[in-house]
Structure formats: C-alpha cells, structure tokens
$ cat structure-v6.tsv   # TSV, N, CA and C atoms
chain	number	residue	atom	x	y	z
A	1	MET	N	0.84	-1.16	0.00
A	1	MET	CA	0.00	0.00	0.00
A	1	MET	C	0.89	1.23	0.00
A	2	ARG	N	0.53	2.14	-0.80
A	2	ARG	CA	1.30	3.36	-0.89
A	2	ARG	C	0.86	4.36	0.17
A	3	PHE	N	1.71	5.35	0.34
A	3	PHE	CA	1.44	6.37	1.35
A	3	PHE	C	0.17	7.14	1.03
A	4	THR	N	-0.03	7.53	-0.19
A	4	THR	CA	-1.22	8.30	-0.57
A	4	THR	C	-2.48	7.45	-0.41
A	5	GLU	N	-2.40	6.18	-0.73
A	5	GLU	CA	-3.58	5.32	-0.54
A	5	GLU	C	-3.89	5.18	0.95
A	6	TRP	N	-2.82	5.08	1.74
A	6	TRP	CA	-3.03	4.96	3.19
A	6	TRP	C	-3.69	6.24	3.74
A	7	ARG	N	-3.27	7.41	3.29
A	7	ARG	CA	-3.84	8.66	3.75
A	7	ARG	C	-5.29	8.80	3.29
A	8	MET	N	-5.59	8.33	2.12
A	8	MET	CA	-6.97	8.39	1.62
A	8	MET	C	-7.87	7.49	2.48
A	9	ASN	N	-7.38	6.32	2.85
A	9	ASN	CA	-8.16	5.43	3.71
A	9	ASN	C	-8.32	6.02	5.11
A	10	GLU	N	-7.29	6.73	5.57
A	10	GLU	CA	-7.34	7.38	6.88
A	10	GLU	C	-8.43	8.45	6.90
A	11	LYS	N	-8.53	9.25	5.85
A	11	LYS	CA	-9.54	10.31	5.78
A	11	LYS	C	-10.94	9.73	5.63
A	12	SER	N	-11.09	8.66	4.90
A	12	SER	CA	-12.41	8.09	4.71
A	12	SER	C	-12.91	7.40	5.97
A	13	SER	N	-12.01	6.95	6.83
A	13	SER	CA	-12.45	6.32	8.07
A	13	SER	C	-12.95	7.36	9.07
A	14	ASP	N	-12.51	8.61	8.93
A	14	ASP	CA	-13.02	9.69	9.78
A	14	ASP	C	-14.41	10.05	9.27
A	15	SER	N	-15.44	9.68	10.02
A	15	SER	CA	-16.80	9.84	9.51
A	15	SER	C	-17.45	11.16	9.90
A	16	GLY	N	-16.67	12.14	10.32
A	16	GLY	CA	-17.21	13.46	10.61
A	16	GLY	C	-17.78	13.60	12.01
A	17	HIS	N	-17.35	12.79	12.93
A	17	HIS	CA	-17.85	12.89	14.31
A	17	HIS	C	-16.92	13.68	15.20
A	18	TRP	N	-16.09	14.50	14.64
A	18	TRP	CA	-15.17	15.32	15.43
A	18	TRP	C	-15.90	16.31	16.33
A	19	TRP	N	-17.10	16.74	15.93
A	19	TRP	CA	-17.85	17.74	16.67
A	19	TRP	C	-18.41	17.19	17.99
A	20	LEU	N	-18.39	15.87	18.16
A	20	LEU	CA	-18.89	15.29	19.40
A	20	LEU	C	-18.04	15.66	20.61
A	21	TRP	N	-16.73	15.82	20.41
A	21	TRP	CA	-15.85	16.15	21.54
A	21	TRP	C	-16.15	17.52	22.14
A	22	PRO	N	-16.30	18.58	21.35
A	22	PRO	CA	-16.67	19.87	21.98
A	22	PRO	C	-18.06	19.85	22.61
A	23	VAL	N	-19.00	19.14	21.98
A	23	VAL	CA	-20.34	19.04	22.54
A	23	VAL	C	-20.30	18.31	23.88
A	24	LEU	N	-19.56	17.22	23.93
A	24	LEU	CA	-19.42	16.47	25.17
A	24	LEU	C	-18.79	17.33	26.26
A	25	GLY	N	-17.77	18.10	25.91
A	25	GLY	CA	-17.15	19.00	26.87
A	25	GLY	C	-18.12	20.05	27.38
A	26	GLY	N	-18.92	20.62	26.49
A	26	GLY	CA	-19.91	21.62	26.88
A	26	GLY	C	-20.97	21.04	27.80
A	27	VAL	N	-21.42	19.83	27.49
A	27	VAL	CA	-22.42	19.18	28.34
A	27	VAL	C	-21.85	18.90	29.72
A	28	LEU	N	-20.61	18.46	29.78
A	28	LEU	CA	-19.98	18.19	31.08
A	28	LEU	C	-19.83	19.48	31.90
A	29	ILE	N	-19.41	20.56	31.26
A	29	ILE	CA	-19.27	21.84	31.97
A	29	ILE	C	-20.62	22.33	32.46
A	30	LEU	N	-21.66	22.25	31.61
A	30	LEU	CA	-22.99	22.68	32.00
A	30	LEU	C	-23.52	21.84	33.16
A	31	GLY	N	-23.34	20.54	33.10
A	31	GLY	CA	-23.78	19.67	34.18
A	31	GLY	C	-23.07	19.98	35.48
A	32	TRP	N	-21.79	20.25	35.41
A	32	TRP	CA	-21.02	20.57	36.62
A	32	TRP	C	-21.51	21.88	37.23
A	33	ARG	N	-21.77	22.88	36.39
A	33	ARG	CA	-22.25	24.18	36.88
A	33	ARG	C	-23.62	24.05	37.54
A	34	LEU	N	-24.51	23.27	36.92
A	34	LEU	CA	-25.83	23.09	37.51
A	34	LEU	C	-25.74	22.34	38.83
A	35	TRP	N	-24.87	21.36	38.93
A	35	TRP	CA	-24.70	20.61	40.17
A	35	TRP	C	-24.14	21.52	41.26
A	36	GLN	N	-23.20	22.38	40.91
A	36	GLN	CA	-22.62	23.30	41.88
A	36	GLN	C	-23.67	24.30	42.37
A	37	ARG	N	-24.52	24.78	41.48
A	37	ARG	CA	-25.55	25.75	41.86
A	37	ARG	C	-26.54	25.11	42.83
A	38	ARG	N	-26.93	23.88	42.56
A	38	ARG	CA	-27.87	23.19	43.43
A	38	ARG	C	-27.25	22.89	44.79
A	39	ALA	N	-25.97	22.61	44.81
A	39	ALA	CA	-25.29	22.29	46.06
A	39	ALA	C	-25.16	23.52	46.96
A	40	LYS	N	-25.17	24.72	46.40
A	40	LYS	CA	-25.00	25.94	47.19
A	40	LYS	C	-26.28	26.42	47.84
A	41	LYS	N	-27.43	25.93	47.41
A	41	LYS	CA	-28.69	26.39	47.97
A	41	LYS	C	-28.79	25.97	49.43
A	42	ARG	N	-29.28	26.90	50.24
A	42	ARG	CA	-29.44	26.62	51.66
A	42	ARG	C	-30.72	25.84	51.89
A	43	PRO	N	-30.70	24.92	52.82
A	43	PRO	CA	-31.95	24.21	53.13
A	43	PRO	C	-32.92	25.14	53.85
A	44	VAL	N	-34.19	24.98	53.55
A	44	VAL	CA	-35.22	25.80	54.16
A	44	VAL	C	-35.65	25.12	55.45
A	45	SER	N	-35.67	25.88	56.52
A	45	SER	CA	-36.07	25.29	57.80
A	45	SER	C	-37.57	25.07	57.81
A	46	ALA	N	-37.98	23.98	58.40
A	46	ALA	CA	-39.39	23.64	58.44
A	46	ALA	C	-40.10	24.36	59.58
A	47	LYS	N	-39.37	24.83	60.60
A	47	LYS	CA	-39.99	25.48	61.74
A	47	LYS	C	-40.18	26.97	61.46
A	48	PRO	N	-41.38	27.50	61.76
A	48	PRO	CA	-41.57	28.94	61.60
A	48	PRO	C	-40.81	29.69	62.69
A	49	THR	N	-40.37	30.86	62.38
A	49	THR	CA	-39.62	31.65	63.35
A	49	THR	C	-40.56	32.29	64.36
A	50	ALA	N	-40.00	32.78	65.43
A	50	ALA	CA	-40.81	33.43	66.46
A	50	ALA	C	-41.45	34.71	65.92
A	51	ILE	N	-40.75	35.38	65.03
A	51	ILE	CA	-41.29	36.62	64.44
A	51	ILE	C	-42.52	36.31	63.60
A	52	ALA	N	-42.43	35.26	62.78
A	52	ALA	CA	-43.57	34.88	61.95
A	52	ALA	C	-44.75	34.46	62.81
A	53	ASP	N	-44.47	33.77	63.93
A	53	ASP	CA	-45.55	33.40	64.85
A	53	ASP	C	-46.21	34.63	65.46
A	54	GLU	N	-45.42	35.61	65.79
A	54	GLU	CA	-45.96	36.84	66.39
A	54	GLU	C	-46.88	37.57	65.42
A	55	PHE	N	-46.46	37.66	64.15
A	55	PHE	CA	-47.32	38.32	63.15
A	55	PHE	C	-48.60	37.53	62.93
A	56	ALA	N	-48.51	36.22	62.91
A	56	ALA	CA	-49.71	35.39	62.74
A	56	ALA	C	-50.63	35.54	63.94
A	57	ASN	N	-50.06	35.61	65.14
A	57	ASN	CA	-50.89	35.79	66.35
A	57	ASN	C	-51.59	37.15	66.35
A	58	ARG	N	-50.88	38.18	65.94
A	58	ARG	CA	-51.51	39.51	65.87
A	58	ARG	C	-52.67	39.52	64.90
A	59	LEU	N	-52.47	38.89	63.75
A	59	LEU	CA	-53.53	38.85	62.74
A	59	LEU	C	-54.73	38.05	63.25
A	60	GLN	N	-54.49	36.94	63.94
A	60	GLN	CA	-55.59	36.15	64.49
A	60	GLN	C	-56.36	36.92	65.56
A	61	ARG	N	-55.63	37.63	66.43
A	61	ARG	CA	-56.30	38.44	67.45
A	61	ARG	C	-57.15	39.54	66.81
A	62	LEU	N	-56.61	40.15	65.75
A	62	LEU	CA	-57.35	41.19	65.03
A	62	LEU	C	-58.62	40.62	64.41
A	63	GLU	N	-58.52	39.45	63.79
A	63	GLU	CA	-59.69	38.82	63.18
A	63	GLU	C	-60.74	38.47	64.23
A	64	LYS	N	-60.29	37.95	65.38
A	64	LYS	CA	-61.24	37.62	66.45
A	64	LYS	C	-61.92	38.88	67.00
A	65	GLU	N	-61.16	39.92	67.16
A	65	GLU	CA	-61.71	41.18	67.69
A	65	GLU	C	-62.79	41.74	66.75
A	66	PHE	N	-62.48	41.76	65.45
A	66	PHE	CA	-63.45	42.30	64.51
A	66	PHE	C	-64.62	41.34	64.29
A	67	ALA	N	-64.39	40.04	64.43
A	67	ALA	CA	-65.49	39.08	64.33
A	67	ALA	C	-66.47	39.27	65.48
A	68	ALA	N	-65.94	39.59	66.66
A	68	ALA	CA	-66.81	39.85	67.81
A	68	ALA	C	-67.68	41.08	67.58
A	69	LEU	N	-67.17	42.01	66.79
A	69	LEU	CA	-67.95	43.21	66.46
A	69	LEU	C	-68.92	42.98	65.30
A	70	GLY	N	-68.85	41.78	64.69
A	70	GLY	CA	-69.76	41.46	63.59
A	70	GLY	C	-69.14	41.63	62.21
A	71	TYR	N	-67.84	41.76	62.15
A	71	TYR	CA	-67.16	41.95	60.86
A	71	TYR	C	-66.13	40.83	60.63
A	72	ALA	N	-66.63	39.62	60.60
A	72	ALA	CA	-65.75	38.46	60.41
A	72	ALA	C	-65.20	38.43	58.99
A	73	ARG	N	-64.01	37.91	58.87
A	73	ARG	CA	-63.38	37.76	57.55
A	73	ARG	C	-63.63	36.35	57.05
A	74	PRO	N	-64.25	36.20	55.87
A	74	PRO	CA	-64.40	34.85	55.31
A	74	PRO	C	-63.02	34.26	54.99
A	75	VAL	N	-62.92	32.96	55.05
A	75	VAL	CA	-61.64	32.28	54.83
A	75	VAL	C	-61.10	32.58	53.43
A	76	THR	N	-61.98	32.73	52.48
A	76	THR	CA	-61.55	32.94	51.10
A	76	THR	C	-61.17	34.38	50.79
A	77	GLU	N	-61.44	35.30	51.72
A	77	GLU	CA	-61.15	36.71	51.46
A	77	GLU	C	-59.75	37.07	51.96
A	78	PRO	N	-58.90	37.60	51.09
A	78	PRO	CA	-57.56	38.01	51.54
A	78	PRO	C	-57.66	39.14	52.57
A	79	PRO	N	-56.69	39.21	53.48
A	79	PRO	CA	-56.76	40.23	54.54
A	79	PRO	C	-56.86	41.66	54.02
A	80	ARG	N	-56.16	41.99	52.96
A	80	ARG	CA	-56.23	43.37	52.46
A	80	ARG	C	-57.59	43.70	51.86
A	81	HIS	N	-58.22	42.73	51.20
A	81	HIS	CA	-59.57	42.96	50.67
A	81	HIS	C	-60.56	43.13	51.83
A	82	TRP	N	-60.37	42.34	52.87
A	82	TRP	CA	-61.21	42.45	54.06
A	82	TRP	C	-61.08	43.83	54.69
A	83	LEU	N	-59.85	44.31	54.78
A	83	LEU	CA	-59.61	45.63	55.36
A	83	LEU	C	-60.24	46.73	54.51
A	84	ARG	N	-60.16	46.59	53.18
A	84	ARG	CA	-60.80	47.56	52.29
A	84	ARG	C	-62.31	47.56	52.48
A	85	ARG	N	-62.88	46.36	52.62
A	85	ARG	CA	-64.33	46.24	52.85
A	85	ARG	C	-64.72	46.88	54.18
A	86	LEU	N	-63.90	46.66	55.20
A	86	LEU	CA	-64.17	47.27	56.50
A	86	LEU	C	-64.08	48.79	56.43
A	87	ASP	N	-63.12	49.27	55.66
A	87	ASP	CA	-62.94	50.72	55.52
A	87	ASP	C	-64.17	51.36	54.89
A	88	GLU	N	-64.80	50.65	53.95
A	88	GLU	CA	-65.99	51.17	53.28
A	88	GLU	C	-67.24	51.03	54.15
A	89	GLU	N	-67.35	49.89	54.88
A	89	GLU	CA	-68.59	49.59	55.58
A	89	GLU	C	-68.61	50.00	57.05
A	90	ALA	N	-67.46	49.93	57.73
A	90	ALA	CA	-67.50	49.99	59.19
A	90	ALA	C	-66.59	51.04	59.80
A	91	THR	N	-66.27	52.08	59.09
A	91	THR	CA	-65.36	53.09	59.62
A	91	THR	C	-65.96	53.76	60.87
A	92	GLU	N	-67.28	54.02	60.86
A	92	GLU	CA	-67.91	54.68	62.00
A	92	GLU	C	-67.93	53.78	63.23
A	93	SER	N	-68.26	52.51	63.06
A	93	SER	CA	-68.42	51.64	64.22
A	93	SER	C	-67.08	51.15	64.78
A	94	ILE	N	-66.07	50.96	63.92
A	94	ILE	CA	-64.76	50.49	64.40
A	94	ILE	C	-63.87	51.65	64.78
A	95	GLY	N	-63.89	52.66	63.98
A	95	GLY	CA	-63.05	53.83	64.23
A	95	GLY	C	-61.86	53.84	63.29
A	96	GLU	N	-61.55	55.05	62.85
A	96	GLU	CA	-60.48	55.19	61.86
A	96	GLU	C	-59.11	54.84	62.44
A	97	ALA	N	-58.89	55.15	63.71
A	97	ALA	CA	-57.59	54.83	64.33
A	97	ALA	C	-57.38	53.33	64.41
A	98	ARG	N	-58.46	52.59	64.75
A	98	ARG	CA	-58.34	51.12	64.83
A	98	ARG	C	-58.12	50.51	63.45
A	99	LEU	N	-58.74	51.08	62.43
A	99	LEU	CA	-58.53	50.59	61.07
A	99	LEU	C	-57.09	50.84	60.61
A	100	LEU	N	-56.52	51.99	60.99
A	100	LEU	CA	-55.12	52.26	60.65
A	100	LEU	C	-54.18	51.29	61.36
A	101	ALA	N	-54.49	50.97	62.62
A	101	ALA	CA	-53.68	49.98	63.34
A	101	ALA	C	-53.82	48.60	62.69
A	102	ALA	N	-55.02	48.27	62.26
A	102	ALA	CA	-55.24	46.99	61.57
A	102	ALA	C	-54.48	46.95	60.26
A	103	LYS	N	-54.45	48.07	59.55
A	103	LYS	CA	-53.68	48.13	58.29
A	103	LYS	C	-52.20	47.90	58.55
A	104	ALA	N	-51.69	48.47	59.64
A	104	ALA	CA	-50.28	48.27	59.97
A	104	ALA	C	-49.99	46.81	60.30
A	105	ILE	N	-50.90	46.15	61.01
A	105	ILE	CA	-50.71	44.73	61.34
A	105	ILE	C	-50.75	43.88	60.08
A	106	ILE	N	-51.70	44.16	59.20
A	106	ILE	CA	-51.82	43.37	57.97
A	106	ILE	C	-50.63	43.62	57.05
A	107	ASP	N	-50.18	44.87	56.94
A	107	ASP	CA	-49.00	45.16	56.12
A	107	ASP	C	-47.76	44.46	56.67
A	108	ALA	N	-47.61	44.46	57.99
A	108	ALA	CA	-46.47	43.76	58.59
A	108	ALA	C	-46.56	42.26	58.34
A	109	HIS	N	-47.78	41.73	58.41
A	109	HIS	CA	-47.99	40.30	58.12
A	109	HIS	C	-47.58	39.97	56.69
A	110	TYR	N	-48.02	40.77	55.73
A	110	TYR	CA	-47.65	40.54	54.33
A	110	TYR	C	-46.15	40.68	54.13
A	111	CYS	N	-45.56	41.69	54.75
A	111	CYS	CA	-44.12	41.92	54.61
A	111	CYS	C	-43.34	40.73	55.15
A	112	GLN	N	-43.70	40.22	56.30
A	112	GLN	CA	-43.01	39.07	56.88
A	112	GLN	C	-43.23	37.82	56.04
A	113	ARG	N	-44.44	37.64	55.56
A	113	ARG	CA	-44.76	36.42	54.83
A	113	ARG	C	-44.10	36.36	53.46
A	114	TYR	N	-44.09	37.47	52.74
A	114	TYR	CA	-43.62	37.44	51.36
A	114	TYR	C	-42.22	38.00	51.17
A	115	ASN	N	-41.64	38.70	52.13
A	115	ASN	CA	-40.31	39.25	51.97
A	115	ASN	C	-39.28	38.59	52.87
A	116	SER	N	-39.64	37.52	53.54
A	116	SER	CA	-38.72	36.90	54.50
A	116	SER	C	-37.53	36.25	53.83
A	117	GLY	N	-37.65	35.86	52.55
A	117	GLY	CA	-36.53	35.21	51.85
A	117	GLY	C	-35.49	36.17	51.32
A	118	LYS	N	-35.77	37.48	51.37
A	118	LYS	CA	-34.86	38.45	50.76
A	118	LYS	C	-33.82	38.91	51.74
$ encode --input "structure-v6.tsv" --output "structure tokens"
Amino acid sequence: MRFTEWRMNEKSSDSGHWWLWPVLGGVLILGWRLWQRRAKKRPVSAKPTAIADEFANRLQRLEKEFAALGYARPVTEPPRHWLRRLDEEATESIGEARLLAAKAIIDAHYCQRYNSGK
C-alpha cells in the first residue's frame, strides 16, 4: 500500500464525528455548573420563626376582635380585601384609628410572609 492510498483510507475512516468532543465538553461543563448551583442552595427550615408566629398571632387576634364586632373575615377573602371592605362599611363603628392599626398589622404580616426570603 502506498502512502497516498493509506492517507486516503485514513480520511475516509473519519466519519465526521469530530464535533462530538466539543459538545461532550460543553455538556460536562454545563452539568457541573448546575450541580454546583444546586449544592450551594441553603436548606429551608421547616420550623416557623418566632417573628412569623408573632405576626400570625396579631392577625388572628385582630380577626377575632373584629369578628366579635360582627365583621368576620371569610376564609376565602384576603386580609387586604377584608380591610378595604371594612374601611368602606364599618369606619364609624370600628373607628379610623383602629382601622389604621389593623392596616399596619396586615401590612407587617404581608411583609413578613412574602419578603422573609430576601
């Protein structure tokens, strides 16, 4: 076999799969990065904090107080919608100062509940 024939056979045996090596390298790097990102995440504690308990207790006391006055919040009604409804219907009987205090409790509850991860 001559040298040129040998080189021709060498080229024909290369079936064009050279691109698999860079793709394989990219997949390995991507997999490693995703694994590292997942490993860095902190575990979420299952126990609520004392602060979250305090906000929940304040909201429950507020709901019981207003329910005793005849302004109970339905389970399906969000606290802010309930407060808006009270502002429209019961400002005279509850008092504007008490409604402002209730707004502060509900705002603090929302802030603790939805911004605690930041």
$ atom_distance --input "structure-v6.tsv" --atom1 "atom N of Glu54 of chain A" --atom2 "atom CA of Arg84 of chain A"
23.7 Å
$ residues_around --input "structure-v6.tsv" --residues "segment 60-75 of chain A" --least-positions-apart "6" --cutoff "8 Å" --atoms "only C-alpha atoms" --output "VMD selection string"
chain A and resid 82 86 102
$ atom_distance --input "structure-v6.tsv" --atom1 "atom CA of Ala90 of chain A" --atom2 "atom CA of Ala108 of chain A"
21.9 Å
$ atom_distance --input "structure-v6.tsv" --atom1 "atom C of Gln36 of chain A" --atom2 "atom C of Pro22 of chain A"
21.0 Å
$ closest_residue --input "structure-v6.tsv" --among "A:Arg80, A:Gly25, A:Lys40, A:Asn57" --to "Asp107 of chain A" --atoms "only N, CA and C atoms"
A:Arg80
